[in-house]
file protein-v4.pdb (PDB, C-alpha atoms, pLDDT in the B column)
ATOM      1  CA  MET A  10      23.516  30.351 253.378  1.00 49.00           C
ATOM      2  CA  THR A  11      19.836  30.449 254.246  1.00 46.00           C
ATOM      3  CA  THR A  12      18.742  29.739 257.775  1.00 48.00           C
ATOM      4  CA  TYR A  13      15.119  28.747 257.808  1.00 41.00           C
ATOM      5  CA  GLY A  14      12.906  29.766 260.705  1.00 46.00           C
ATOM      6  CA  THR A  15      14.882  32.899 261.582  1.00 47.00           C
ATOM      7  CA  ASN A  16      13.871  36.505 261.270  1.00 46.00           C
ATOM      8  CA  PRO A  17      15.559  38.629 258.616  1.00 48.00           C
ATOM      9  CA  THR A  18      18.409  40.698 260.000  1.00 50.00           C
ATOM     10  CA  SER A  19      18.635  43.436 257.378  1.00 48.00           C
ATOM     11  CA  ALA A  20      16.298  45.476 255.224  1.00 47.00           C
ATOM     12  CA  ASN A  21      17.845  43.824 252.164  1.00 48.00           C
ATOM     13  CA  ASP A  22      16.610  40.430 253.404  1.00 47.00           C
ATOM     14  CA  LEU A  23      13.048  41.752 253.285  1.00 43.00           C
ATOM     15  CA  ALA A  24      13.249  42.915 249.662  1.00 45.00           C
ATOM     16  CA  PRO A  25      11.666  40.530 247.160  1.00 43.00           C
ATOM     17  CA  LYS A  26      14.153  38.677 245.027  1.00 39.00           C
ATOM     18  CA  LEU A  27      13.137  39.441 241.464  1.00 40.00           C
ATOM     19  CA  GLU A  28      16.461  38.618 239.881  1.00 39.00           C
ATOM     20  CA  TYR A  29      14.870  36.445 237.185  1.00 34.00           C
ATOM     21  CA  ILE A  30      12.409  39.047 235.987  1.00 38.00           C
ATOM     22  CA  THR A  31      14.037  42.434 235.618  1.00 39.00           C
ATOM     23  CA  ARG A  32      14.030  45.432 233.404  1.00 40.00           C
ATOM     24  CA  ALA A  33      16.834  45.690 230.894  1.00 39.00           C
ATOM     25  CA  ASP A  34      19.641  48.080 231.803  1.00 40.00           C
ATOM     26  CA  ASP A  35      20.855  48.350 228.218  1.00 40.00           C
ATOM     27  CA  HIS A  36      18.919  51.406 226.939  1.00 39.00           C
ATOM     28  CA  HIS A  37      20.551  51.582 223.492  1.00 40.00           C
ATOM     29  CA  ASN A  38      18.592  48.503 222.356  1.00 37.00           C
ATOM     30  CA  VAL A  39      15.227  49.980 223.319  1.00 36.00           C
ATOM     31  CA  ARG A  40      12.957  50.592 220.356  1.00 41.00           C
ATOM     32  CA  PRO A  41      11.863  54.228 220.397  1.00 42.00           C
ATOM     33  CA  GLY A  42       8.278  54.486 221.538  1.00 40.00           C
ATOM     34  CA  LEU A  43       8.110  51.048 223.160  1.00 42.00           C
ATOM     35  CA  ALA A  44       4.603  50.699 224.572  1.00 50.00           C
ATOM     36  CA  THR A  45       4.026  54.398 223.918  1.00 72.00           C
ATOM     37  CA  ARG A  46       0.481  55.599 223.716  1.00 75.00           C
ATOM     38  CA  ARG A  47       0.144  58.275 221.074  1.00 84.00           C
ATOM     39  CA  PRO A  48      -1.981  61.336 221.846  1.00 82.00           C
ATOM     40  CA  TRP A  49      -5.653  60.649 221.173  1.00 85.00           C
ATOM     41  CA  LYS A  50      -5.934  64.119 219.632  1.00 86.00           C
ATOM     42  CA  GLN A  51      -3.329  63.136 217.045  1.00 83.00           C
ATOM     43  CA  MET A  52      -4.983  59.782 216.420  1.00 84.00           C
ATOM     44  CA  LEU A  53      -8.435  61.311 215.924  1.00 85.00           C
ATOM     45  CA  ASP A  54      -7.424  64.476 214.038  1.00 84.00           C
ATOM     46  CA  LEU A  55     -10.118  64.808 211.352  1.00 85.00           C
ATOM     47  CA  ARG A  56      -7.697  66.531 208.944  1.00 87.00           C
ATOM     48  CA  SER A  57      -5.684  63.303 208.845  1.00 85.00           C
ATOM     49  CA  PHE A  58      -8.513  61.229 207.380  1.00 87.00           C
ATOM     50  CA  ASN A  59      -9.308  60.528 203.770  1.00 89.00           C
ATOM     51  CA  PHE A  60     -10.432  57.511 201.801  1.00 90.00           C
ATOM     52  CA  PRO A  61      -7.615  55.899 199.847  1.00 89.00           C
ATOM     53  CA  ARG A  62      -8.136  55.209 196.144  1.00 91.00           C
ATOM     54  CA  LYS A  63      -5.916  52.137 195.850  1.00 91.00           C
ATOM     55  CA  ILE A  64      -5.874  48.881 197.789  1.00 93.00           C
ATOM     56  CA  ALA A  65      -2.068  49.155 198.017  1.00 92.00           C
ATOM     57  CA  THR A  66      -2.503  52.456 199.876  1.00 90.00           C
ATOM     58  CA  VAL A  67      -4.947  50.793 202.277  1.00 91.00           C
ATOM     59  CA  ILE A  68      -2.461  48.016 203.041  1.00 93.00           C
ATOM     60  CA  THR A  69       0.413  50.466 203.489  1.00 92.00           C
ATOM     61  CA  ARG A  70      -1.658  52.649 205.815  1.00 91.00           C
ATOM     62  CA  ILE A  71      -2.829  49.681 207.889  1.00 92.00           C
ATOM     63  CA  LYS A  72       0.752  48.481 208.325  1.00 91.00           C
ATOM     64  CA  ALA A  73       2.080  51.927 209.254  1.00 90.00           C
ATOM     65  CA  ASN A  74      -0.803  52.917 211.513  1.00 89.00           C
ATOM     66  CA  THR A  75      -0.928  49.611 213.409  1.00 89.00           C
ATOM     67  CA  VAL A  76       2.749  50.019 214.271  1.00 88.00           C
ATOM     68  CA  TYR A  77       2.512  53.713 215.134  1.00 88.00           C
ATOM     69  CA  PHE A  78      -0.775  53.512 217.111  1.00 88.00           C
ATOM     70  CA  GLN A  79      -0.192  49.999 218.467  1.00 87.00           C
ATOM     71  CA  THR A  80      -0.808  50.873 222.111  1.00 86.00           C
ATOM     72  CA  ASN A  81      -3.851  53.021 221.299  1.00 90.00           C
ATOM     73  CA  TYR A  82      -5.341  50.226 219.208  1.00 91.00           C
ATOM     74  CA  THR A  83      -4.746  47.724 222.007  1.00 87.00           C
ATOM     75  CA  ILE A  84      -6.573  50.055 224.399  1.00 90.00           C
ATOM     76  CA  VAL A  85      -9.489  50.334 221.929  1.00 92.00           C
ATOM     77  CA  VAL A  86      -9.869  46.540 221.702  1.00 91.00           C
ATOM     78  CA  LEU A  87      -9.524  46.073 225.479  1.00 86.00           C
ATOM     79  CA  PHE A  88     -12.102  48.818 226.061  1.00 91.00           C
ATOM     80  CA  SER A  89     -14.449  47.070 223.651  1.00 92.00           C
ATOM     81  CA  VAL A  90     -14.043  43.824 225.616  1.00 87.00           C
ATOM     82  CA  PHE A  91     -14.544  45.755 228.858  1.00 87.00           C
ATOM     83  CA  LEU A  92     -17.841  47.221 227.600  1.00 90.00           C
ATOM     84  CA  SER A  93     -19.043  43.794 226.506  1.00 88.00           C
ATOM     85  CA  LEU A  94     -18.501  42.427 230.017  1.00 84.00           C
ATOM     86  CA  VAL A  95     -20.366  45.123 231.944  1.00 87.00           C
ATOM     87  CA  TRP A  96     -23.333  42.778 232.461  1.00 86.00           C
ATOM     88  CA  ASN A  97     -21.127  39.812 233.425  1.00 85.00           C
ATOM     89  CA  PRO A  98     -19.550  40.766 236.777  1.00 84.00           C
ATOM     90  CA  LEU A  99     -17.327  37.675 237.218  1.00 85.00           C
ATOM     91  CA  SER A 100     -15.799  38.067 233.775  1.00 82.00           C
ATOM     92  CA  LEU A 101     -15.414  41.796 234.382  1.00 83.00           C
ATOM     93  CA  LEU A 102     -13.495  41.171 237.620  1.00 87.00           C
ATOM     94  CA  ILE A 103     -11.260  38.684 235.821  1.00 85.00           C
ATOM     95  CA  LEU A 104     -10.680  41.235 233.052  1.00 81.00           C
ATOM     96  CA  LEU A 105      -9.767  43.922 235.600  1.00 85.00           C
ATOM     97  CA  ALA A 106      -7.160  41.582 237.119  1.00 88.00           C
ATOM     98  CA  ILE A 107      -5.792  40.856 233.646  1.00 86.00           C
ATOM     99  CA  ILE A 108      -5.668  44.594 232.878  1.00 84.00           C
ATOM    100  CA  GLY A 109      -3.395  44.923 235.918  1.00 87.00           C
ATOM    101  CA  ALA A 110      -1.028  42.460 234.244  1.00 86.00           C
ATOM    102  CA  TRP A 111      -1.329  44.430 230.971  1.00 84.00           C
ATOM    103  CA  LEU A 112      -0.370  47.620 232.801  1.00 82.00           C
ATOM    104  CA  PHE A 113       2.665  46.035 234.426  1.00 83.00           C
ATOM    105  CA  LEU A 114       3.903  44.002 231.467  1.00 83.00           C
ATOM    106  CA  TYR A 115       2.981  46.205 228.507  1.00 80.00           C
ATOM    107  CA  PHE A 116       1.506  49.684 228.945  1.00 76.00           C
ATOM    108  CA  LEU A 117       3.663  51.108 231.730  1.00 77.00           C
ATOM    109  CA  ARG A 118       6.988  49.742 230.539  1.00 74.00           C
ATOM    110  CA  ASP A 119       9.490  52.069 228.960  1.00 74.00           C
ATOM    111  CA  GLU A 120      12.194  49.460 228.525  1.00 78.00           C
ATOM    112  CA  PRO A 121      12.175  45.850 227.353  1.00 79.00           C
ATOM    113  CA  LEU A 122      11.155  43.076 229.715  1.00 80.00           C
ATOM    114  CA  THR A 123      13.949  40.662 230.608  1.00 82.00           C
ATOM    115  CA  VAL A 124      13.221  37.131 231.826  1.00 84.00           C
ATOM    116  CA  PHE A 125      16.090  34.814 232.814  1.00 89.00           C
ATOM    117  CA  ASP A 126      18.570  37.297 231.285  1.00 85.00           C
ATOM    118  CA  ARG A 127      16.777  37.191 227.915  1.00 86.00           C
ATOM    119  CA  GLU A 128      15.183  40.307 226.479  1.00 86.00           C
ATOM    120  CA  ILE A 129      11.550  39.736 225.468  1.00 82.00           C
ATOM    121  CA  ASP A 130      10.417  41.668 222.385  1.00 83.00           C
ATOM    122  CA  HIS A 131       7.408  43.958 222.934  1.00 81.00           C
ATOM    123  CA  ARG A 132       5.498  42.162 220.163  1.00 83.00           C
ATOM    124  CA  VAL A 133       5.923  38.839 221.959  1.00 87.00           C
ATOM    125  CA  VAL A 134       4.542  40.425 225.133  1.00 86.00           C
ATOM    126  CA  LEU A 135       1.603  41.874 223.166  1.00 85.00           C
ATOM    127  CA  ILE A 136       0.769  38.556 221.500  1.00 89.00           C
ATOM    128  CA  ALA A 137       1.223  36.515 224.686  1.00 89.00           C
ATOM    129  CA  MET A 138      -0.923  38.891 226.752  1.00 87.00           C
ATOM    130  CA  SER A 139      -3.632  38.905 224.061  1.00 87.00           C
ATOM    131  CA  VAL A 140      -3.737  35.103 223.916  1.00 90.00           C
ATOM    132  CA  ILE A 141      -3.727  34.791 227.717  1.00 89.00           C
ATOM    133  CA  THR A 142      -6.458  37.416 228.091  1.00 83.00           C
ATOM    134  CA  LEU A 143      -8.754  35.838 225.521  1.00 81.00           C
ATOM    135  CA  SER A 144      -8.064  32.297 226.742  1.00 85.00           C
ATOM    136  CA  ILE A 145      -8.898  33.122 230.349  1.00 83.00           C
ATOM    137  CA  LEU A 146     -11.979  35.141 229.412  1.00 77.00           C
ATOM    138  CA  PHE A 147     -13.232  32.380 227.116  1.00 79.00           C
ATOM    139  CA  LEU A 148     -13.283  30.095 230.161  1.00 83.00           C
ATOM    140  CA  THR A 149     -16.050  32.305 231.590  1.00 80.00           C
ATOM    141  CA  ASP A 150     -19.662  32.374 230.434  1.00 78.00           C
ATOM    142  CA  ALA A 151     -19.190  35.404 228.208  1.00 81.00           C
ATOM    143  CA  LYS A 152     -17.760  33.731 225.100  1.00 82.00           C
ATOM    144  CA  LEU A 153     -20.168  35.305 222.618  1.00 87.00           C
ATOM    145  CA  ASN A 154     -19.844  38.767 224.201  1.00 86.00           C
ATOM    146  CA  ILE A 155     -16.060  38.570 224.031  1.00 85.00           C
ATOM    147  CA  ALA A 156     -16.004  37.288 220.450  1.00 88.00           C
ATOM    148  CA  VAL A 157     -18.320  40.070 219.276  1.00 92.00           C
ATOM    149  CA  ALA A 158     -16.323  42.688 221.223  1.00 92.00           C
ATOM    150  CA  VAL A 159     -13.000  41.544 219.748  1.00 91.00           C
ATOM    151  CA  VAL A 160     -14.423  41.513 216.210  1.00 94.00           C
ATOM    152  CA  ALA A 161     -15.960  44.963 216.726  1.00 95.00           C
ATOM    153  CA  GLY A 162     -12.732  46.332 218.217  1.00 94.00           C
ATOM    154  CA  VAL A 163     -10.612  44.934 215.394  1.00 94.00           C
ATOM    155  CA  ALA A 164     -13.073  46.298 212.819  1.00 95.00           C
ATOM    156  CA  VAL A 165     -12.816  49.786 214.366  1.00 94.00           C
ATOM    157  CA  VAL A 166      -9.011  49.538 214.455  1.00 93.00           C
ATOM    158  CA  LEU A 167      -8.709  48.370 210.839  1.00 94.00           C
ATOM    159  CA  SER A 168     -11.176  51.005 209.651  1.00 93.00           C
ATOM    160  CA  HIS A 169      -9.255  53.745 211.398  1.00 90.00           C
ATOM    161  CA  ALA A 170      -5.904  52.426 210.170  1.00 91.00           C
ATOM    162  CA  ALA A 171      -7.157  52.286 206.583  1.00 90.00           C
ATOM    163  CA  VAL A 172      -8.481  55.849 206.392  1.00 89.00           C
ATOM    164  CA  ARG A 173      -5.933  57.703 208.526  1.00 90.00           C
ATOM    165  CA  LYS A 174      -3.167  59.273 206.469  1.00 85.00           C
ATOM    166  CA  THR A 175       0.385  58.416 207.475  1.00 81.00           C
ATOM    167  CA  GLU A 176       2.211  61.502 206.205  1.00 79.00           C
ATOM    168  CA  ASP A 177       1.875  63.521 209.426  1.00 74.00           C
ATOM    169  CA  MET A 178       2.498  60.815 212.016  1.00 71.00           C
ATOM    170  CA  TYR A 179       6.098  61.675 212.873  1.00 68.00           C
ATOM    171  CA  GLN A 180       5.664  65.435 212.447  1.00 63.00           C
ATOM    172  CA  ASN A 181       5.348  66.166 216.198  1.00 56.00           C
ATOM    173  CA  GLU A 182       8.310  63.938 217.023  1.00 57.00           C
ATOM    174  CA  ASP A 183      10.487  65.707 214.433  1.00 50.00           C
ATOM    175  CA  GLU A 184       9.588  69.101 215.904  1.00 45.00           C
ATOM    176  CA  THR A 185      10.348  67.859 219.414  1.00 38.00           C
ATOM    177  CA  SER A 186      13.697  66.373 218.404  1.00 44.00           C
ATOM    178  CA  ARG A 187      14.728  69.662 216.773  1.00 42.00           C
ATOM    179  CA  LEU A 188      14.063  71.536 220.030  1.00 36.00           C
ATOM    180  CA  LEU A 189      16.191  69.144 222.096  1.00 37.00           C
ATOM    181  CA  PRO A 190      19.953  69.735 222.211  1.00 41.00           C
TER
END
call {"tool": "encode", "arguments": {"input": "protein-v4.pdb", "output": "structure tokens"}}
result
Amino acid sequence: MTTYGTNPTSANDLAPKLEYITRADDHHNVRPGLATRRPWKQMLDLRSFNFPRKIATVITRIKANTVYFQTNYTIVVLFSVFLSLVWNPLSLLILLAIIGAWLFLYFLRDEPLTVFDREIDHRVVLIAMSVITLSILFLTDAKLNIAVAVVAGVAVVLSHAAVRKTEDMYQNEDETSRLLP
């Protein structure tokens, strides 16, 4: 029973009650690499680039690379938006606050987010955070800057995904898993 107007009597009473938003305790359902940033050296390895000869190869590479480098690509687009807002301080401050939410809800998580005892898929978090970020930033005076930055960021991501080979992506992970008992 809660008694209003009294001081807390134990340290537990001072702890915030975050029982509705928690991290999942069930680790066997966690997708390997959830919100995992891949090494930039691996992403930008020049030996892994070549121009595909078939459109089917381009599509296959884009699908594979966008899944594998998902977090890196999100960082590239956010950095592009950040650079576009350097001359708009209010929008930049808003973006920095939103990046804090990105860090908490997407980048720094190693397990699925659970809200009201329901596990939220990482793709839902990515899409929701993207929509929220763009919606809030479009309410500022930097609409054109943001639109150009998003288009430029997506163009860079798609270009990279199309020309980066996919054969060596899991090579480092296979070597690491062989070394572990």
call {"tool": "resolve_selection", "arguments": {"input": "protein-v4.pdb", "expression": "the PyMOL selection byres ((chain A and resi 166) around 12)", "output": "compact mmCIF listing (two decimals) with C-alpha atoms, in the coordinates of the input"}}
result
# COMPACT_ATOMS: atom_id res chain seq x y z
CA MET A 52 -4.98 59.78 216.42
CA LEU A 53 -8.44 61.31 215.92
CA ARG A 70 -1.66 52.65 205.82
CA ILE A 71 -2.83 49.68 207.89
CA LYS A 72 0.75 48.48 208.32
CA ASN A 74 -0.80 52.92 211.51
CA THR A 75 -0.93 49.61 213.41
CA VAL A 76 2.75 50.02 214.27
CA PHE A 78 -0.78 53.51 217.11
CA GLN A 79 -0.19 50.00 218.47
CA THR A 80 -0.81 50.87 222.11
CA ASN A 81 -3.85 53.02 221.30
CA TYR A 82 -5.34 50.23 219.21
CA THR A 83 -4.75 47.72 222.01
CA ILE A 84 -6.57 50.06 224.40
CA VAL A 85 -9.49 50.33 221.93
CA VAL A 86 -9.87 46.54 221.70
CA LEU A 87 -9.52 46.07 225.48
CA SER A 89 -14.45 47.07 223.65
CA VAL A 159 -13.00 41.54 219.75
CA VAL A 160 -14.42 41.51 216.21
CA ALA A 161 -15.96 44.96 216.73
CA GLY A 162 -12.73 46.33 218.22
CA VAL A 163 -10.61 44.93 215.39
CA ALA A 164 -13.07 46.30 212.82
CA VAL A 165 -12.82 49.79 214.37
CA LEU A 167 -8.71 48.37 210.84
CA SER A 168 -11.18 51.00 209.65
CA HIS A 169 -9.26 53.74 211.40
CA ALA A 170 -5.90 52.43 210.17
CA ALA A 171 -7.16 52.29 206.58
CA VAL A 172 -8.48 55.85 206.39
CA ARG A 173 -5.93 57.70 208.53
call {"tool": "axis_aligned_box", "arguments": {"input": "protein-v4.pdb", "around": "range 150-165 of chain A", "padding_each_side": "3 Å", "output": "JSON"}}
result
{"center_x": -15.4, "center_y": 41.1, "center_z": 221.6, "size_x": 15.6, "size_y": 23.4, "size_z": 23.6}
call {"tool": "closest_residue", "arguments": {"input": "protein-v4.pdb", "among": "A:Trp49, A:Tyr77, A:Phe116, A:Phe147", "to": "Val90 in chain A", "atoms": "all atoms listed in the file"}}
result
A:Phe147
call {"tool": "resolve_selection", "arguments": {"input": "protein-v4.pdb", "expression": "the PyMOL selection byres ((chain A and resi 97) around 12)", "output": "list in words"}}
result
Val90, Phe91, Leu92, Ser93, Leu94, Val95, Trp96, Pro98, Leu99, Ser100, Leu101, Leu102, Ile103, Leu104, Leu146, Thr149, Asp150, Ala151, Lys152, Leu153, Asn154 and Ile155 of chain A
call {"tool": "write_last_selection", "arguments": {"input": "protein-v4.pdb", "atoms": "C-alpha atoms", "output": "JSON list (two decimals), in the coordinates of the input"}}
result
[["chain", "number", "residue", "atom", "x", "y", "z"],
["A", 90, "VAL", "CA", -14.04, 43.82, 225.62],
["A", 91, "PHE", "CA", -14.54, 45.76, 228.86],
["A", 92, "LEU", "CA", -17.84, 47.22, 227.60],
["A", 93, "SER", "CA", -19.04, 43.79, 226.51],
["A", 94, "LEU", "CA", -18.50, 42.43, 230.02],
["A", 95, "VAL", "CA", -20.37, 45.12, 231.94],
["A", 96, "TRP", "CA", -23.33, 42.78, 232.46],
["A", 98, "PRO", "CA", -19.55, 40.77, 236.78],
["A", 99, "LEU", "CA", -17.33, 37.67, 237.22],
["A", 100, "SER", "CA", -15.80, 38.07, 233.78],
["A", 101, "LEU", "CA", -15.41, 41.80, 234.38],
["A", 102, "LEU", "CA", -13.50, 41.17, 237.62],
["A", 103, "ILE", "CA", -11.26, 38.68, 235.82],
["A", 104, "LEU", "CA", -10.68, 41.24, 233.05],
["A", 146, "LEU", "CA", -11.98, 35.14, 229.41],
["A", 149, "THR", "CA", -16.05, 32.30, 231.59],
["A", 150, "ASP", "CA", -19.66, 32.37, 230.43],
["A", 151, "ALA", "CA", -19.19, 35.40, 228.21],
["A", 152, "LYS", "CA", -17.76, 33.73, 225.10],
["A", 153, "LEU", "CA", -20.17, 35.30, 222.62],
["A", 154, "ASN", "CA", -19.84, 38.77, 224.20],
["A", 155, "ILE", "CA", -16.06, 38.57, 224.03]]
call {"tool": "resolve_selection", "arguments": {"input": "protein-v4.pdb", "expression": "the PyMOL selection byres ((chain A and resi 111) around 12)", "output": "list in words"}}
result
Ala44, Thr80, Thr83, Ile84, Leu87, Leu104, Leu105, Ala106, Ile107, Ile108, Gly109, Ala110, Leu112, Phe113, Leu114, Tyr115, Phe116, Leu117, Arg118, His131, Val134, Leu135, Ile136, Ala137, Met138, Ser139, Val140, Ile141 and Thr142 of chain A
call {"tool": "atom_distance", "arguments": {"input": "protein-v4.pdb", "atom1": "CA of Phe88 in chain A", "atom2": "CA of Arg132 in chain A"}}
result
19.7 Å
call {"tool": "residues_around", "arguments": {"input": "protein-v4.pdb", "residues": "Pro61 in chain A", "least_positions_apart": "3", "cutoff": "9 Å", "atoms": "only C-alpha atoms", "output": "ChimeraX atom specification"}}
result
/A:64-67,171-172,174
call {"tool": "build_atoms", "arguments": {"input": "protein-v4.pdb", "residues": "range 75-93 of chain A", "atoms": "N, CA, C and O atoms", "output": "PDB file, in the frame of the given file"}}
result
ATOM      1  N   THR A  75      -0.893  50.604 212.330  1.00 89.00           N
ATOM      2  CA  THR A  75      -0.928  49.611 213.409  1.00 89.00           C
ATOM      3  C   THR A  75       0.381  49.593 214.193  1.00 89.00           C
ATOM      4  O   THR A  75       0.383  49.323 215.384  1.00 89.00           O
ATOM      5  N   VAL A  76       1.479  49.920 213.546  1.00 88.00           N
ATOM      6  CA  VAL A  76       2.749  50.019 214.271  1.00 88.00           C
ATOM      7  C   VAL A  76       2.773  51.305 215.094  1.00 88.00           C
ATOM      8  O   VAL A  76       3.102  51.297 216.281  1.00 88.00           O
ATOM      9  N   TYR A  77       2.419  52.415 214.478  1.00 88.00           N
ATOM     10  CA  TYR A  77       2.512  53.713 215.134  1.00 88.00           C
ATOM     11  C   TYR A  77       1.520  53.850 216.291  1.00 88.00           C
ATOM     12  O   TYR A  77       1.852  54.349 217.361  1.00 88.00           O
ATOM     13  N   PHE A  78       0.274  53.393 216.092  1.00 88.00           N
ATOM     14  CA  PHE A  78      -0.775  53.512 217.111  1.00 88.00           C
ATOM     15  C   PHE A  78      -1.031  52.189 217.832  1.00 88.00           C
ATOM     16  O   PHE A  78      -2.133  51.949 218.335  1.00 88.00           O
ATOM     17  N   GLN A  79      -0.041  51.336 217.901  1.00 87.00           N
ATOM     18  CA  GLN A  79      -0.192  49.999 218.467  1.00 87.00           C
ATOM     19  C   GLN A  79      -0.805  50.010 219.863  1.00 87.00           C
ATOM     20  O   GLN A  79      -1.759  49.276 220.139  1.00 87.00           O
ATOM     21  N   THR A  80      -0.297  50.827 220.743  1.00 86.00           N
ATOM     22  CA  THR A  80      -0.808  50.873 222.111  1.00 86.00           C
ATOM     23  C   THR A  80      -2.227  51.426 222.140  1.00 86.00           C
ATOM     24  O   THR A  80      -3.081  50.906 222.849  1.00 86.00           O
ATOM     25  N   ASN A  81      -2.496  52.465 221.364  1.00 90.00           N
ATOM     26  CA  ASN A  81      -3.851  53.021 221.299  1.00 90.00           C
ATOM     27  C   ASN A  81      -4.846  51.976 220.802  1.00 90.00           C
ATOM     28  O   ASN A  81      -5.951  51.853 221.331  1.00 90.00           O
ATOM     29  N   TYR A  82      -4.450  51.248 219.760  1.00 91.00           N
ATOM     30  CA  TYR A  82      -5.341  50.226 219.208  1.00 91.00           C
ATOM     31  C   TYR A  82      -5.585  49.102 220.207  1.00 91.00           C
ATOM     32  O   TYR A  82      -6.702  48.571 220.304  1.00 91.00           O
ATOM     33  N   THR A  83      -4.569  48.746 220.981  1.00 87.00           N
ATOM     34  CA  THR A  83      -4.746  47.724 222.007  1.00 87.00           C
ATOM     35  C   THR A  83      -5.736  48.211 223.060  1.00 87.00           C
ATOM     36  O   THR A  83      -6.603  47.450 223.506  1.00 87.00           O
ATOM     37  N   ILE A  84      -5.630  49.477 223.432  1.00 90.00           N
ATOM     38  CA  ILE A  84      -6.573  50.055 224.399  1.00 90.00           C
ATOM     39  C   ILE A  84      -7.993  50.035 223.837  1.00 90.00           C
ATOM     40  O   ILE A  84      -8.951  49.725 224.558  1.00 90.00           O
ATOM     41  N   VAL A  85      -8.156  50.338 222.556  1.00 92.00           N
ATOM     42  CA  VAL A  85      -9.489  50.334 221.929  1.00 92.00           C
ATOM     43  C   VAL A  85     -10.108  48.932 222.003  1.00 92.00           C
ATOM     44  O   VAL A  85     -11.272  48.776 222.386  1.00 92.00           O
ATOM     45  N   VAL A  86      -9.337  47.910 221.667  1.00 91.00           N
ATOM     46  CA  VAL A  86      -9.869  46.540 221.702  1.00 91.00           C
ATOM     47  C   VAL A  86     -10.167  46.114 223.139  1.00 91.00           C
ATOM     48  O   VAL A  86     -11.224  45.527 223.415  1.00 91.00           O
ATOM     49  N   LEU A  87      -9.269  46.418 224.076  1.00 86.00           N
ATOM     50  CA  LEU A  87      -9.524  46.073 225.479  1.00 86.00           C
ATOM     51  C   LEU A  87     -10.752  46.807 226.023  1.00 86.00           C
ATOM     52  O   LEU A  87     -11.535  46.243 226.788  1.00 86.00           O
ATOM     53  N   PHE A  88     -10.926  48.068 225.626  1.00 91.00           N
ATOM     54  CA  PHE A  88     -12.102  48.818 226.061  1.00 91.00           C
ATOM     55  C   PHE A  88     -13.380  48.206 225.488  1.00 91.00           C
ATOM     56  O   PHE A  88     -14.399  48.131 226.170  1.00 91.00           O
ATOM     57  N   SER A  89     -13.307  47.746 224.260  1.00 92.00           N
ATOM     58  CA  SER A  89     -14.449  47.070 223.651  1.00 92.00           C
ATOM     59  C   SER A  89     -14.809  45.801 224.435  1.00 92.00           C
ATOM     60  O   SER A  89     -15.985  45.537 224.703  1.00 92.00           O
ATOM     61  N   VAL A  90     -13.803  45.030 224.811  1.00 87.00           N
ATOM     62  CA  VAL A  90     -14.043  43.824 225.616  1.00 87.00           C
ATOM     63  C   VAL A  90     -14.603  44.220 226.981  1.00 87.00           C
ATOM     64  O   VAL A  90     -15.543  43.592 227.483  1.00 87.00           O
ATOM     65  N   PHE A  91     -14.048  45.273 227.571  1.00 87.00           N
ATOM     66  CA  PHE A  91     -14.544  45.755 228.858  1.00 87.00           C
ATOM     67  C   PHE A  91     -16.035  46.090 228.776  1.00 87.00           C
ATOM     68  O   PHE A  91     -16.823  45.684 229.627  1.00 87.00           O
ATOM     69  N   LEU A  92     -16.425  46.846 227.749  1.00 90.00           N
ATOM     70  CA  LEU A  92     -17.841  47.221 227.600  1.00 90.00           C
ATOM     71  C   LEU A  92     -18.729  46.003 227.413  1.00 90.00           C
ATOM     72  O   LEU A  92     -19.866  45.984 227.887  1.00 90.00           O
ATOM     73  N   SER A  93     -18.226  44.987 226.734  1.00 88.00           N
ATOM     74  CA  SER A  93     -19.043  43.794 226.506  1.00 88.00           C
ATOM     75  C   SER A  93     -19.247  42.990 227.786  1.00 88.00           C
ATOM     76  O   SER A  93     -20.167  42.163 227.850  1.00 88.00           O
TER      77      SER A  93
END
